[in-house]
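A.B. asks: The structure file data.cif (mmCIF, C-alpha atoms and all ligand atoms) is provided below.
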data_model
#
loop_
_atom_site.group_PDB
_atom_site.id
_atom_site.type_symbol
_atom_site.label_atom_id
_atom_site.label_comp_id
_atom_site.auth_asym_id
_atom_site.auth_seq_id
_atom_site.Cartn_x
_atom_site.Cartn_y
_atom_site.Cartn_z
ATOM 1 C CA MET A 1 -7.361 0.824 22.415
ATOM 2 C CA ILE A 2 -6.209 2.259 19.110
ATOM 3 C CA PHE A 3 -3.222 4.572 18.589
ATOM 4 C CA SER A 4 -2.126 6.560 15.562
ATOM 5 C CA LEU A 5 1.510 6.882 14.615
ATOM 6 C CA GLU A 6 1.207 9.402 11.803
ATOM 7 C CA ALA A 7 -1.678 7.400 10.324
ATOM 8 C CA PRO A 8 -2.940 8.890 7.021
ATOM 9 C CA ALA A 9 -5.454 11.473 8.308
ATOM 10 C CA HIS A 10 -8.492 10.631 6.185
ATOM 11 C CA LEU A 11 -8.043 6.883 6.463
ATOM 12 C CA TRP A 12 -7.656 7.248 10.236
ATOM 13 C CA THR A 13 -10.996 9.065 10.480
ATOM 14 C CA THR A 14 -12.963 6.581 8.394
ATOM 15 C CA THR A 15 -11.269 3.612 10.073
ATOM 16 C CA LEU A 16 -12.355 4.933 13.482
ATOM 17 C CA GLN A 17 -15.895 5.361 12.127
ATOM 18 C CA GLY A 18 -15.797 1.757 10.921
ATOM 19 C CA LEU A 19 -14.654 0.559 14.336
ATOM 20 C CA GLY A 20 -17.556 2.249 16.136
ATOM 21 C CA GLY A 21 -16.834 3.047 19.763
ATOM 22 C CA ILE A 22 -13.239 1.840 19.945
ATOM 23 C CA GLU A 23 -11.242 3.779 22.549
ATOM 24 C CA GLN A 24 -8.503 6.035 21.201
ATOM 25 C CA GLY A 25 -5.216 6.042 23.059
ATOM 26 C CA SER A 26 -2.911 9.018 23.185
ATOM 27 C CA LEU A 27 0.552 8.539 21.720
ATOM 28 C CA GLN A 28 3.006 11.413 21.518
ATOM 29 C CA TYR A 29 5.675 11.226 18.843
ATOM 30 C CA ARG A 30 8.245 13.803 17.942
ATOM 31 C CA ARG A 31 11.798 13.921 16.672
ATOM 32 C CA PHE A 32 14.643 15.415 18.659
ATOM 33 C CA PRO A 33 16.768 18.005 16.833
ATOM 34 C CA ASP A 34 19.315 15.283 16.069
ATOM 35 C CA GLY A 35 16.626 13.152 14.368
ATOM 36 C CA GLU A 36 16.124 10.596 17.139
ATOM 37 C CA SER A 37 12.547 9.655 18.062
ATOM 38 C CA TYR A 38 10.721 10.580 21.264
ATOM 39 C CA ILE A 39 7.709 8.413 22.136
ATOM 40 C CA ARG A 40 5.382 8.771 25.081
ATOM 41 C CA VAL A 41 2.139 6.868 25.694
ATOM 42 C CA HIS A 42 -0.271 8.910 27.798
ATOM 43 C CA SER A 43 -3.029 6.269 28.102
ATOM 44 C CA PRO A 44 -2.861 3.499 30.714
ATOM 45 C CA CYS A 45 -2.992 0.228 28.789
ATOM 46 C CA THR A 46 -2.367 -2.550 31.314
ATOM 47 C CA GLY A 47 -4.164 -5.688 30.186
ATOM 48 C CA ARG A 48 -5.532 -3.941 27.084
ATOM 49 C CA ASP A 49 -5.575 -5.106 23.491
ATOM 50 C CA CYS A 50 -3.728 -2.313 21.641
ATOM 51 C CA VAL A 51 -3.484 -1.459 17.937
ATOM 52 C CA ILE A 52 -1.083 0.996 16.318
ATOM 53 C CA VAL A 53 -2.173 2.399 12.955
ATOM 54 C CA ALA A 54 1.039 3.533 11.314
ATOM 55 C CA SER A 55 2.069 5.226 8.115
ATOM 56 C CA MET A 56 4.954 3.537 6.315
ATOM 57 C CA GLN A 57 5.360 6.187 3.648
ATOM 58 C CA ASP A 58 9.067 7.125 3.670
ATOM 59 C CA PRO A 59 9.614 4.269 6.127
ATOM 60 C CA ASP A 60 13.215 4.660 7.226
ATOM 61 C CA PRO A 61 12.799 7.633 9.591
ATOM 62 C CA ARG A 62 9.553 6.157 10.942
ATOM 63 C CA ILE A 63 10.377 2.535 11.705
ATOM 64 C CA PRO A 64 12.385 3.062 14.915
ATOM 65 C CA ALA A 65 9.486 5.095 16.335
ATOM 66 C CA LEU A 66 7.086 2.281 15.472
ATOM 67 C CA LEU A 67 9.198 -0.345 17.191
ATOM 68 C CA PHE A 68 9.699 1.930 20.233
ATOM 69 C CA ALA A 69 5.949 2.513 20.446
ATOM 70 C CA ALA A 70 5.175 -1.217 20.383
ATOM 71 C CA ARG A 71 7.861 -1.907 22.965
ATOM 72 C CA THR A 72 6.549 0.904 25.195
ATOM 73 C CA LEU A 73 2.966 -0.407 25.109
ATOM 74 C CA ARG A 74 4.235 -3.837 26.074
ATOM 75 C CA SER A 75 6.338 -2.407 28.909
ATOM 76 C CA MET A 76 3.167 -0.710 30.177
ATOM 77 C CA GLY A 77 1.387 -4.060 30.353
ATOM 78 C CA ALA A 78 -0.579 -4.203 27.087
ATOM 79 C CA ARG A 79 -2.082 -7.671 26.596
ATOM 80 C CA ARG A 80 -1.466 -7.725 22.839
ATOM 81 C CA VAL A 81 -0.068 -5.142 20.437
ATOM 82 C CA GLY A 82 -1.269 -5.297 16.832
ATOM 83 C CA LEU A 83 0.014 -3.358 13.838
ATOM 84 C CA ALA A 84 -2.369 -1.902 11.270
ATOM 85 C CA ALA A 85 -0.204 -0.668 8.393
ATOM 86 C CA PRO A 86 -2.335 0.467 5.443
ATOM 87 C CA TYR A 87 0.750 0.421 3.209
ATOM 88 C CA LEU A 88 3.276 -2.263 4.069
ATOM 89 C CA ALA A 89 6.767 -1.079 3.181
ATOM 90 C CA TYR A 90 9.757 -3.206 2.241
ATOM 91 C CA MET A 91 7.912 -5.820 0.227
ATOM 92 C CA ARG A 92 9.688 -5.258 -3.084
ATOM 93 C CA GLN A 93 13.193 -6.537 -2.341
ATOM 94 C CA ASP A 94 11.687 -10.017 -2.130
ATOM 95 C CA LYS A 95 14.642 -11.844 -3.593
ATOM 96 C CA ILE A 96 18.414 -11.694 -3.587
ATOM 97 C CA PHE A 97 19.188 -10.754 -7.188
ATOM 98 C CA GLU A 98 22.908 -10.097 -6.742
ATOM 99 C CA ALA A 99 25.246 -11.812 -4.279
ATOM 100 C CA GLY A 100 25.519 -9.881 -1.032
ATOM 101 C CA GLU A 101 22.200 -8.022 -1.321
ATOM 102 C CA SER A 102 20.095 -7.727 1.801
ATOM 103 C CA ALA A 103 16.811 -9.682 1.724
ATOM 104 C CA THR A 104 15.002 -6.669 3.192
ATOM 105 C CA ALA A 105 11.431 -7.991 2.786
ATOM 106 C CA ARG A 106 12.314 -10.961 4.969
ATOM 107 C CA TYR A 107 14.381 -9.043 7.544
ATOM 108 C CA PHE A 108 11.764 -6.313 7.868
ATOM 109 C CA ALA A 109 9.131 -9.014 8.438
ATOM 110 C CA GLU A 110 11.326 -10.525 11.143
ATOM 111 C CA TRP A 111 11.570 -7.140 12.929
ATOM 112 C CA LEU A 112 7.849 -6.509 12.838
ATOM 113 C CA SER A 113 7.056 -10.094 13.843
ATOM 114 C CA SER A 114 9.251 -9.767 16.912
ATOM 115 C CA HIS A 115 7.513 -6.569 18.109
ATOM 116 C CA PHE A 116 3.848 -7.159 17.225
ATOM 117 C CA ASP A 117 1.288 -9.882 17.882
ATOM 118 C CA TRP A 118 -0.563 -9.486 14.585
ATOM 119 C CA LEU A 119 -0.576 -7.456 11.390
ATOM 120 C CA VAL A 120 -3.313 -6.054 9.157
ATOM 121 C CA THR A 121 -2.428 -4.434 5.868
ATOM 122 C CA ILE A 122 -3.986 -3.510 2.533
ATOM 123 C CA ASP A 123 -2.888 -5.178 -0.715
ATOM 124 C CA PRO A 124 0.773 -5.826 0.115
ATOM 125 C CA HIS A 125 3.168 -6.231 -2.803
ATOM 126 C CA LEU A 126 3.084 -10.004 -3.147
ATOM 127 C CA HIS A 127 5.170 -11.085 -6.099
ATOM 128 C CA ARG A 128 7.863 -13.687 -5.552
ATOM 129 C CA ILE A 129 6.567 -14.012 -1.986
ATOM 130 C CA HIS A 130 3.050 -15.356 -2.440
ATOM 131 C CA ASP A 131 1.702 -15.092 1.089
ATOM 132 C CA LEU A 132 2.719 -12.931 4.062
ATOM 133 C CA ALA A 133 2.911 -16.141 6.106
ATOM 134 C CA GLU A 134 6.068 -17.018 4.138
ATOM 135 C CA ILE A 135 7.948 -14.191 5.884
ATOM 136 C CA TYR A 136 5.801 -13.061 8.859
ATOM 137 C CA SER A 137 5.692 -15.376 11.859
ATOM 138 C CA ILE A 138 2.672 -13.560 13.403
ATOM 139 C CA PRO A 139 -0.944 -13.874 12.183
ATOM 140 C CA THR A 140 -1.689 -11.501 9.291
ATOM 141 C CA ARG A 141 -4.799 -10.310 7.444
ATOM 142 C CA VAL A 142 -4.803 -8.769 3.987
ATOM 143 C CA VAL A 143 -7.546 -6.280 3.151
ATOM 144 C CA ARG A 144 -8.431 -5.981 -0.547
ATOM 145 C CA SER A 145 -9.016 -2.722 -2.368
ATOM 146 C CA ALA A 146 -10.498 -4.205 -5.568
ATOM 147 C CA GLY A 147 -14.152 -3.704 -4.574
ATOM 148 C CA ARG A 148 -13.707 0.039 -3.966
ATOM 149 C CA PHE A 149 -11.667 0.534 -7.145
ATOM 150 C CA ALA A 150 -14.302 -1.335 -9.142
ATOM 151 C CA GLU A 151 -16.970 1.003 -7.691
ATOM 152 C CA TRP A 152 -14.862 4.024 -8.610
ATOM 153 C CA ILE A 153 -14.438 2.836 -12.206
ATOM 154 C CA LYS A 154 -18.151 2.084 -12.516
ATOM 155 C CA ALA A 155 -18.962 5.641 -11.454
ATOM 156 C CA HIS A 156 -16.305 7.426 -13.548
ATOM 157 C CA VAL A 157 -15.280 5.437 -16.631
ATOM 158 C CA GLU A 158 -17.266 4.345 -19.664
ATOM 159 C CA GLN A 159 -16.287 1.106 -21.377
ATOM 160 C CA PRO A 160 -13.130 0.386 -19.345
ATOM 161 C CA LEU A 161 -10.305 -1.842 -20.524
ATOM 162 C CA LEU A 162 -8.333 -2.868 -17.422
ATOM 163 C CA ILE A 163 -4.582 -3.056 -17.936
ATOM 164 C CA GLY A 164 -1.951 -4.397 -15.565
ATOM 165 C CA PRO A 165 1.545 -3.197 -16.491
ATOM 166 C CA ASP A 166 3.377 -6.331 -15.318
ATOM 167 C CA GLN A 167 2.811 -9.953 -14.368
ATOM 168 C CA GLU A 168 2.281 -9.366 -10.659
ATOM 169 C CA SER A 169 -0.396 -6.736 -11.325
ATOM 170 C CA GLU A 170 -2.685 -9.534 -12.567
ATOM 171 C CA GLN A 171 -3.840 -10.051 -8.954
ATOM 172 C CA TRP A 172 -5.188 -6.467 -8.775
ATOM 173 C CA ALA A 173 -6.142 -5.714 -12.399
ATOM 174 C CA GLY A 174 -7.731 -9.155 -12.881
ATOM 175 C CA ASP A 175 -9.733 -8.874 -9.659
ATOM 176 C CA VAL A 176 -11.109 -5.423 -10.551
ATOM 177 C CA ALA A 177 -11.899 -6.516 -14.132
ATOM 178 C CA GLY A 178 -13.727 -9.604 -12.861
ATOM 179 C CA ARG A 179 -15.939 -7.499 -10.611
ATOM 180 C CA LEU A 180 -16.815 -5.207 -13.541
ATOM 181 C CA ARG A 181 -17.057 -8.005 -16.124
ATOM 182 C CA ALA A 182 -14.708 -5.877 -18.221
ATOM 183 C CA PRO A 183 -11.841 -7.110 -20.413
ATOM 184 C CA HIS A 184 -8.312 -6.972 -19.058
ATOM 185 C CA LEU A 185 -4.793 -7.304 -20.406
ATOM 186 C CA ILE A 186 -1.535 -7.941 -18.589
ATOM 187 C CA LEU A 187 1.591 -6.428 -20.146
ATOM 188 C CA THR A 188 5.242 -7.370 -19.772
ATOM 189 C CA LYS A 189 7.677 -5.142 -17.907
ATOM 190 C CA VAL A 190 11.442 -5.292 -17.719
ATOM 191 C CA ARG A 191 13.057 -3.065 -15.085
ATOM 192 C CA SER A 192 16.686 -2.093 -15.601
ATOM 193 C CA GLY A 193 16.956 0.577 -12.889
ATOM 194 C CA ASP A 194 14.999 2.518 -10.256
ATOM 195 C CA ARG A 195 13.634 4.860 -12.918
ATOM 196 C CA ASN A 196 14.108 2.694 -16.007
ATOM 197 C CA VAL A 197 11.419 0.300 -17.148
ATOM 198 C CA ALA A 198 10.465 -1.043 -20.555
ATOM 199 C CA ILE A 199 6.886 -2.153 -21.207
ATOM 200 C CA SER A 200 5.799 -4.378 -24.100
ATOM 201 C CA VAL A 201 2.314 -3.829 -25.475
ATOM 202 C CA PRO A 202 0.529 -6.242 -27.850
ATOM 203 C CA GLU A 203 -1.601 -5.234 -30.883
ATOM 204 C CA LEU A 204 -4.486 -3.174 -29.431
ATOM 205 C CA GLY A 205 -6.499 -2.175 -32.516
ATOM 206 C CA GLU A 206 -9.700 -3.864 -31.272
ATOM 207 C CA TYR A 207 -9.695 -1.694 -28.102
ATOM 208 C CA ARG A 208 -9.743 1.772 -29.747
ATOM 209 C CA ASP A 209 -13.245 2.498 -28.369
ATOM 210 C CA TYR A 210 -12.323 1.546 -24.804
ATOM 211 C CA THR A 211 -10.901 3.731 -22.051
ATOM 212 C CA PRO A 212 -7.687 2.155 -20.784
ATOM 213 C CA VAL A 213 -7.584 1.937 -16.993
ATOM 214 C CA LEU A 214 -4.146 1.006 -15.628
ATOM 215 C CA VAL A 215 -4.220 -0.785 -12.290
ATOM 216 C CA ASP A 216 -1.140 -1.354 -10.140
ATOM 217 C CA ASP A 217 -0.459 -1.688 -6.435
ATOM 218 C CA ILE A 218 2.311 0.877 -5.919
ATOM 219 C CA VAL A 219 3.001 4.090 -7.798
ATOM 220 C CA SER A 220 6.465 5.137 -6.686
ATOM 221 C CA THR A 221 8.569 6.925 -9.311
ATOM 222 C CA GLY A 222 5.558 6.607 -11.613
ATOM 223 C CA ARG A 223 7.811 5.239 -14.383
ATOM 224 C CA THR A 224 5.852 1.987 -14.702
ATOM 225 C CA MET A 225 2.607 3.874 -15.257
ATOM 226 C CA ALA A 226 4.194 6.617 -17.382
ATOM 227 C CA GLU A 227 5.892 4.159 -19.770
ATOM 228 C CA THR A 228 2.659 2.197 -20.106
ATOM 229 C CA VAL A 229 0.649 5.356 -20.761
ATOM 230 C CA GLN A 230 3.075 6.437 -23.495
ATOM 231 C CA GLN A 231 2.853 3.067 -25.222
ATOM 232 C CA LEU A 232 -0.950 2.995 -25.090
ATOM 233 C CA VAL A 233 -1.313 6.532 -26.403
ATOM 234 C CA ALA A 234 1.198 5.783 -29.197
ATOM 235 C CA ALA A 235 -0.914 2.733 -30.093
ATOM 236 C CA GLY A 236 -3.893 5.043 -30.674
ATOM 237 C CA LEU A 237 -5.845 4.383 -27.455
ATOM 238 C CA LYS A 238 -7.621 7.088 -25.429
ATOM 239 C CA ALA A 239 -5.737 8.882 -22.628
ATOM 240 C CA PRO A 240 -5.494 6.281 -19.859
ATOM 241 C CA VAL A 241 -6.853 6.590 -16.345
ATOM 242 C CA CYS A 242 -4.212 5.403 -13.831
ATOM 243 C CA LEU A 243 -5.268 3.693 -10.608
ATOM 244 C CA GLY A 244 -2.757 2.811 -7.911
ATOM 245 C CA VAL A 245 -3.553 1.327 -4.525
ATOM 246 C CA HIS A 246 -0.616 2.964 -2.741
ATOM 247 C CA GLY A 247 0.311 6.430 -3.981
ATOM 248 C CA VAL A 248 3.847 6.544 -2.611
ATOM 249 C CA LEU A 249 4.702 9.107 -5.311
ATOM 250 C CA ALA A 250 8.422 9.788 -5.267
ATOM 251 C CA SER A 251 9.269 13.309 -6.368
ATOM 252 C CA GLY A 252 8.354 14.109 -9.957
ATOM 253 C CA ALA A 253 5.942 11.180 -10.354
ATOM 254 C CA LEU A 254 2.796 13.248 -10.852
ATOM 255 C CA ASP A 255 4.395 15.557 -13.439
ATOM 256 C CA ASP A 256 5.903 12.596 -15.215
ATOM 257 C CA LEU A 257 2.530 10.910 -15.530
ATOM 258 C CA LYS A 258 0.905 14.072 -16.806
ATOM 259 C CA SER A 259 3.577 14.629 -19.455
ATOM 260 C CA ALA A 260 3.288 10.994 -20.533
ATOM 261 C CA GLY A 261 -0.369 11.665 -21.457
ATOM 262 C CA ALA A 262 -2.326 10.172 -18.553
ATOM 263 C CA HIS A 263 -5.894 11.435 -18.219
ATOM 264 C CA ARG A 264 -5.636 11.319 -14.409
ATOM 265 C CA LEU A 265 -4.178 9.400 -11.473
ATOM 266 C CA VAL A 266 -6.375 8.148 -8.645
ATOM 267 C CA THR A 267 -5.104 6.245 -5.616
ATOM 268 C CA SER A 268 -6.548 4.980 -2.361
ATOM 269 C CA ASN A 269 -5.953 6.803 0.921
ATOM 270 C CA THR A 270 -3.423 4.300 2.334
ATOM 271 C CA VAL A 271 -0.742 6.940 1.741
ATOM 272 C CA GLU A 272 -1.464 10.661 1.918
ATOM 273 C CA ASN A 273 -1.077 12.243 -1.508
ATOM 274 C CA PRO A 274 -2.969 14.689 -3.757
ATOM 275 C CA ALA A 275 -4.556 11.853 -5.806
ATOM 276 C CA ALA A 276 -5.948 9.861 -2.832
ATOM 277 C CA GLU A 277 -9.639 9.595 -3.655
ATOM 278 C CA VAL A 278 -10.651 6.013 -2.906
ATOM 279 C CA ASP A 279 -11.402 5.521 0.785
ATOM 280 C CA LEU A 280 -10.568 2.099 2.233
ATOM 281 C CA GLY A 281 -11.437 2.963 5.853
ATOM 282 C CA SER A 282 -14.346 0.581 6.294
ATOM 283 C CA GLU A 283 -12.443 -2.371 4.783
ATOM 284 C CA PHE A 284 -9.415 -1.552 6.942
ATOM 285 C CA ALA A 285 -11.593 -1.316 10.041
ATOM 286 C CA GLY A 286 -12.995 -4.761 9.197
ATOM 287 C CA GLY A 287 -9.481 -6.210 9.060
ATOM 288 C CA ILE A 288 -8.571 -4.657 12.419
ATOM 289 C CA ALA A 289 -11.845 -5.765 14.033
ATOM 290 C CA SER A 290 -11.142 -9.364 13.030
ATOM 291 C CA PHE A 291 -8.267 -9.376 15.580
ATOM 292 C CA LEU A 292 -10.185 -7.746 18.432
ATOM 293 C CA ASP A 293 -12.264 -9.718 20.943
HETATM 294 C C1 LIG B 301 6.346 -3.466 -8.672
HETATM 295 O O1 LIG B 301 6.442 -4.244 -9.591
HETATM 296 C C2 LIG B 301 5.055 -2.763 -8.367
HETATM 297 O O2 LIG B 301 3.955 -3.567 -8.605
HETATM 298 C C3 LIG B 301 4.939 -1.462 -9.140
HETATM 299 O O3 LIG B 301 4.775 -1.744 -10.505
HETATM 300 C C4 LIG B 301 6.151 -0.624 -8.929
HETATM 301 O O4 LIG B 301 6.455 -0.535 -7.573
HETATM 302 C C5 LIG B 301 5.977 0.755 -9.496
HETATM 303 O O5 LIG B 301 7.140 1.471 -9.277
HETATM 304 P P1 LIG B 301 7.437 2.778 -10.107
HETATM 305 O O6 LIG B 301 6.281 3.695 -9.943
HETATM 306 O O7 LIG B 301 8.697 3.324 -9.472
HETATM 307 O O8 LIG B 301 7.669 2.356 -11.523
#
Translate the structure of the given file into C-alpha cells.

C.D. replies:
Amino acid sequence: MIFSLEAPAHLWTTTLQGLGGIEQGSLQYRRFPDGESYIRVHSPCTGRDCVIVASMQDPDPRIPALLFAARTLRSMGARRVGLAAPYLAYMRQDKIFEAGESATARYFAEWLSSHFDWLVTIDPHLHRIHDLAEIYSIPTRVVRSAGRFAEWIKAHVEQPLLIGPDQESEQWAGDVAGRLRAPHLILTKVRSGDRNVAISVPELGEYRDYTPVLVDDIVSTGRTMAETVQQLVAAGLKAPVCLGVHGVLASGALDDLKSAGAHRLVTSNTVENPAAEVDLGSEFAGGIASFLD
C-alpha cells in the first residue's frame, strides 16, 4: 500500500503508473495553527507492506510529519514501512569541517533508519560519503537519472559538451556524457559561503562550436551554476544549458541563472519547480518495486 506525504504531484502520478495496480492508502496531513503536524491514516494496514513517498524539499517543517506517519503505520500493524524519497535531504553536511559542527548527514540517516525498513531515493548527494550504506543501517536503493537526462540532451541539444562544475559532479556529468559519447570536462569549485563559490575553468578554445551543458545533482541557490555559466560565456562559449537533478531552487536562483547568461535550466521532477521537465517516475517505480514482494 502506497501513501503520499506531499509527494511531488507529477512524479507521484507517473510513479503510480509505473507500479501498475498498487493500492493507494489514504494519509491525512495538516499543520495545526501553531505549526505542529496532524497525521491520520485512514486505510487499515495490518500486516501490509507500506511505502511512504515523501517530499523533502524544505525538509525541516516536513520531517516530524514523516516520522509520525511511519510510526503511525507501524502502530497500526504494518508489516514493513519503506521510504521513497525522490530527493534525499541532509546529504551535504557530510563532514565536520569546524569543531562542534553537527554531522547532520549521519544523524539524519540514523533517524530515518530507526523509523523505516528500507529507503529508495534518486541520485543522492554522495561526495565524501561514497555509499548510503556508510550512514544508513537499513537497505537502500539508488535510482539513477542519467539515462533520462541523456535522452533529453539527445532530443534538445546539438553537439553537447558536458560540464560538471565540481569534482563530485563527475558521477553525474561523466555518466551522461558516456551515454551520449560526448566530451565532458570537470571544473574545480571552491565554496567560501552559502552563496559564494569560485569556479576555475581551463582553456576552452577548442570547444567554441559546442553547446555547453552543465550537469549537477542539486541546484539550490543556483550560485554554482551561475558562476560556471558566467565563466563559460566570458570564455566565448555559447549560452549554456543547465541541467540539475534536484531543483531545490532557493529564492532568487532562477533569476540569478538567467542574469548570468544561461540559455535555460531543466531539472527532473524529484522536487516541484517551474523547470521540472525530466520525468523519473518509471525509474523511481522500479526502485520501489524492488522492495515489494
Ligand atoms: C554540492 O556540491 C552540490 O553538488 C551542488 O553543486 C550544490 O549543492 C549546488 O548548490 P548551489 O546551487 O547553492 O550553489

A.B. asks: Could you tell me, counting only C-alpha atoms and all ligand atoms, which protein and nucleic acid residues lie no more than 8 Å from ligand LIG 301 (chain B), written as a ChimeraX atom specification?

C.D. replies: /A:92,125,127,165-166,168-169,194-197,216-225,249-250,253

A.B. asks: Could you tell me which residues the PyMOL selection byres (((chain A and resi 1-10) around 6) and not hetatm) returns for this structure, as a VMD selection string?

C.D. replies: chain A and resid 11 to 13 23 to 25 50 to 55 272

A.B. asks: Quick one: which residues end up in the PyMOL selection byres (((chain A and resi 200) around 12) and not hetatm) for this structure, as a PyMOL selection string?

C.D. replies: chain A and resi 164-167+185-191+197-199+201-204+224+227-232+235

A.B. asks: Take the residues just selected and output them with C-alpha atoms as a PDB file, keeping the file's coordinate frame.

C.D. replies:
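As written to disk, part_22.pdb reads:
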ATOM      1  CA  GLY A 164      -1.951  -4.397 -15.565  1.00  0.00           C
ATOM      2  CA  PRO A 165       1.545  -3.197 -16.491  1.00  0.00           C
ATOM      3  CA  ASP A 166       3.377  -6.331 -15.318  1.00  0.00           C
ATOM      4  CA  GLN A 167       2.811  -9.953 -14.368  1.00  0.00           C
ATOM      5  CA  LEU A 185      -4.793  -7.304 -20.406  1.00  0.00           C
ATOM      6  CA  ILE A 186      -1.535  -7.941 -18.589  1.00  0.00           C
ATOM      7  CA  LEU A 187       1.591  -6.428 -20.146  1.00  0.00           C
ATOM      8  CA  THR A 188       5.242  -7.370 -19.772  1.00  0.00           C
ATOM      9  CA  LYS A 189       7.677  -5.142 -17.907  1.00  0.00           C
ATOM     10  CA  VAL A 190      11.442  -5.292 -17.719  1.00  0.00           C
ATOM     11  CA  ARG A 191      13.057  -3.065 -15.085  1.00  0.00           C
ATOM     12  CA  VAL A 197      11.419   0.300 -17.148  1.00  0.00           C
ATOM     13  CA  ALA A 198      10.465  -1.043 -20.555  1.00  0.00           C
ATOM     14  CA  ILE A 199       6.886  -2.153 -21.207  1.00  0.00           C
ATOM     15  CA  VAL A 201       2.314  -3.829 -25.475  1.00  0.00           C
ATOM     16  CA  PRO A 202       0.529  -6.242 -27.850  1.00  0.00           C
ATOM     17  CA  GLU A 203      -1.601  -5.234 -30.883  1.00  0.00           C
ATOM     18  CA  LEU A 204      -4.486  -3.174 -29.431  1.00  0.00           C
ATOM     19  CA  THR A 224       5.852   1.987 -14.702  1.00  0.00           C
ATOM     20  CA  GLU A 227       5.892   4.159 -19.770  1.00  0.00           C
ATOM     21  CA  THR A 228       2.659   2.197 -20.106  1.00  0.00           C
ATOM     22  CA  VAL A 229       0.649   5.356 -20.761  1.00  0.00           C
ATOM     23  CA  GLN A 230       3.075   6.437 -23.495  1.00  0.00           C
ATOM     24  CA  GLN A 231       2.853   3.067 -25.222  1.00  0.00           C
ATOM     25  CA  LEU A 232      -0.950   2.995 -25.090  1.00  0.00           C
ATOM     26  CA  ALA A 235      -0.914   2.733 -30.093  1.00  0.00           C
TER      27      ALA A 235
END

A.B. asks: Take the PyMOL selection byres (((chain A and resi 61-72) around 10) and not hetatm), run it mentally on this structure, and tell me the resulting residues as number ranges by chain.

C.D. replies: A: 3, 5-6, 27-31, 35-41, 50-60, 73-78, 80-83, 89, 108, 111-112, 114-117

A.B. asks: Save out the residues we just selected, C-alpha atoms, as a JSON list (two decimals), in the coordinates of the input.

C.D. replies:
[["chain", "number", "residue", "atom", "x", "y", "z"],
["A", 3, "PHE", "CA", -3.22, 4.57, 18.59],
["A", 5, "LEU", "CA", 1.51, 6.88, 14.62],
["A", 6, "GLU", "CA", 1.21, 9.40, 11.80],
["A", 27, "LEU", "CA", 0.55, 8.54, 21.72],
["A", 28, "GLN", "CA", 3.01, 11.41, 21.52],
["A", 29, "TYR", "CA", 5.68, 11.23, 18.84],
["A", 30, "ARG", "CA", 8.24, 13.80, 17.94],
["A", 31, "ARG", "CA", 11.80, 13.92, 16.67],
["A", 35, "GLY", "CA", 16.63, 13.15, 14.37],
["A", 36, "GLU", "CA", 16.12, 10.60, 17.14],
["A", 37, "SER", "CA", 12.55, 9.65, 18.06],
["A", 38, "TYR", "CA", 10.72, 10.58, 21.26],
["A", 39, "ILE", "CA", 7.71, 8.41, 22.14],
["A", 40, "ARG", "CA", 5.38, 8.77, 25.08],
["A", 41, "VAL", "CA", 2.14, 6.87, 25.69],
["A", 50, "CYS", "CA", -3.73, -2.31, 21.64],
["A", 51, "VAL", "CA", -3.48, -1.46, 17.94],
["A", 52, "ILE", "CA", -1.08, 1.00, 16.32],
["A", 53, "VAL", "CA", -2.17, 2.40, 12.96],
["A", 54, "ALA", "CA", 1.04, 3.53, 11.31],
["A", 55, "SER", "CA", 2.07, 5.23, 8.12],
["A", 56, "MET", "CA", 4.95, 3.54, 6.32],
["A", 57, "GLN", "CA", 5.36, 6.19, 3.65],
["A", 58, "ASP", "CA", 9.07, 7.12, 3.67],
["A", 59, "PRO", "CA", 9.61, 4.27, 6.13],
["A", 60, "ASP", "CA", 13.22, 4.66, 7.23],
["A", 73, "LEU", "CA", 2.97, -0.41, 25.11],
["A", 74, "ARG", "CA", 4.24, -3.84, 26.07],
["A", 75, "SER", "CA", 6.34, -2.41, 28.91],
["A", 76, "MET", "CA", 3.17, -0.71, 30.18],
["A", 77, "GLY", "CA", 1.39, -4.06, 30.35],
["A", 78, "ALA", "CA", -0.58, -4.20, 27.09],
["A", 80, "ARG", "CA", -1.47, -7.72, 22.84],
["A", 81, "VAL", "CA", -0.07, -5.14, 20.44],
["A", 82, "GLY", "CA", -1.27, -5.30, 16.83],
["A", 83, "LEU", "CA", 0.01, -3.36, 13.84],
["A", 89, "ALA", "CA", 6.77, -1.08, 3.18],
["A", 108, "PHE", "CA", 11.76, -6.31, 7.87],
["A", 111, "TRP", "CA", 11.57, -7.14, 12.93],
["A", 112, "LEU", "CA", 7.85, -6.51, 12.84],
["A", 114, "SER", "CA", 9.25, -9.77, 16.91],
["A", 115, "HIS", "CA", 7.51, -6.57, 18.11],
["A", 116, "PHE", "CA", 3.85, -7.16, 17.23],
["A", 117, "ASP", "CA", 1.29, -9.88, 17.88]]

A.B. asks: With only C-alpha atoms as the basis for distance, which of A:Val213, A:Leu254, A:Leu280, A:Val241 is at the shortest distance from Arg144 in chain A?

C.D. replies: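 For Arg144 in chain A, the nearest of the candidates is A:Leu280.
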
A.B. asks: Around range 205-210 of chain A, with edges along x, y and z and 4 Å added on all six sides, what centre and edge lengths do you get, in Å to one decimal, as lines of an AutoDock Vina configuration file?

C.D. replies:
center_x = -9.9
center_y = -0.7
center_z = -28.7
size_x = 14.7
size_y = 14.4
size_z = 15.7

A.B. asks: Please provide the set of residues having any atom within 8 Å of Leu237 in chain A, restricted to only C-alpha atoms, with same-chain residues fewer than 6 positions apart removed, written as a list in words.

C.D. replies: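 Near neighbours after the sequence-gap exclusion: Leu204, Tyr207, Arg208, Asp209, Tyr210, Thr211 and Pro212 of chain A.
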
A.B. asks: Restricting the calculation to all atoms listed in the file, which member of A:Glu206, A:Glu170, A:Leu180, A:Gly100 is positioned closest to Glu158 in chain A?

C.D. replies: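 Between A:Glu206, A:Glu170, A:Leu180, A:Gly100, the residue approaching Glu158 in chain A most closely is A:Leu180.
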
A.B. asks: Tell me which residues come within 12 Å of (-12.1, -5.2, 13.5), as a ChimeraX atom specification, counting all atoms listed in the file in the file's coordinates.

C.D. replies: /A:1-2,15-22,49,51,82,84,119-120,141,143,281-293

A.B. asks: Pick out the closest residue to Gly174 in chain A from this set: A:Leu126, A:Ile135, A:Ile153, A:Val215. Count only C-alpha atoms.

C.D. replies: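 Distance minimum relative to Gly174 in chain A lands on A:Val215.
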
A.B. asks: In Å, rounded to a single decimal, give me how far CA of Ala155 in chain A is from CA of Leu214 in chain A.

C.D. replies: 16.1 Å
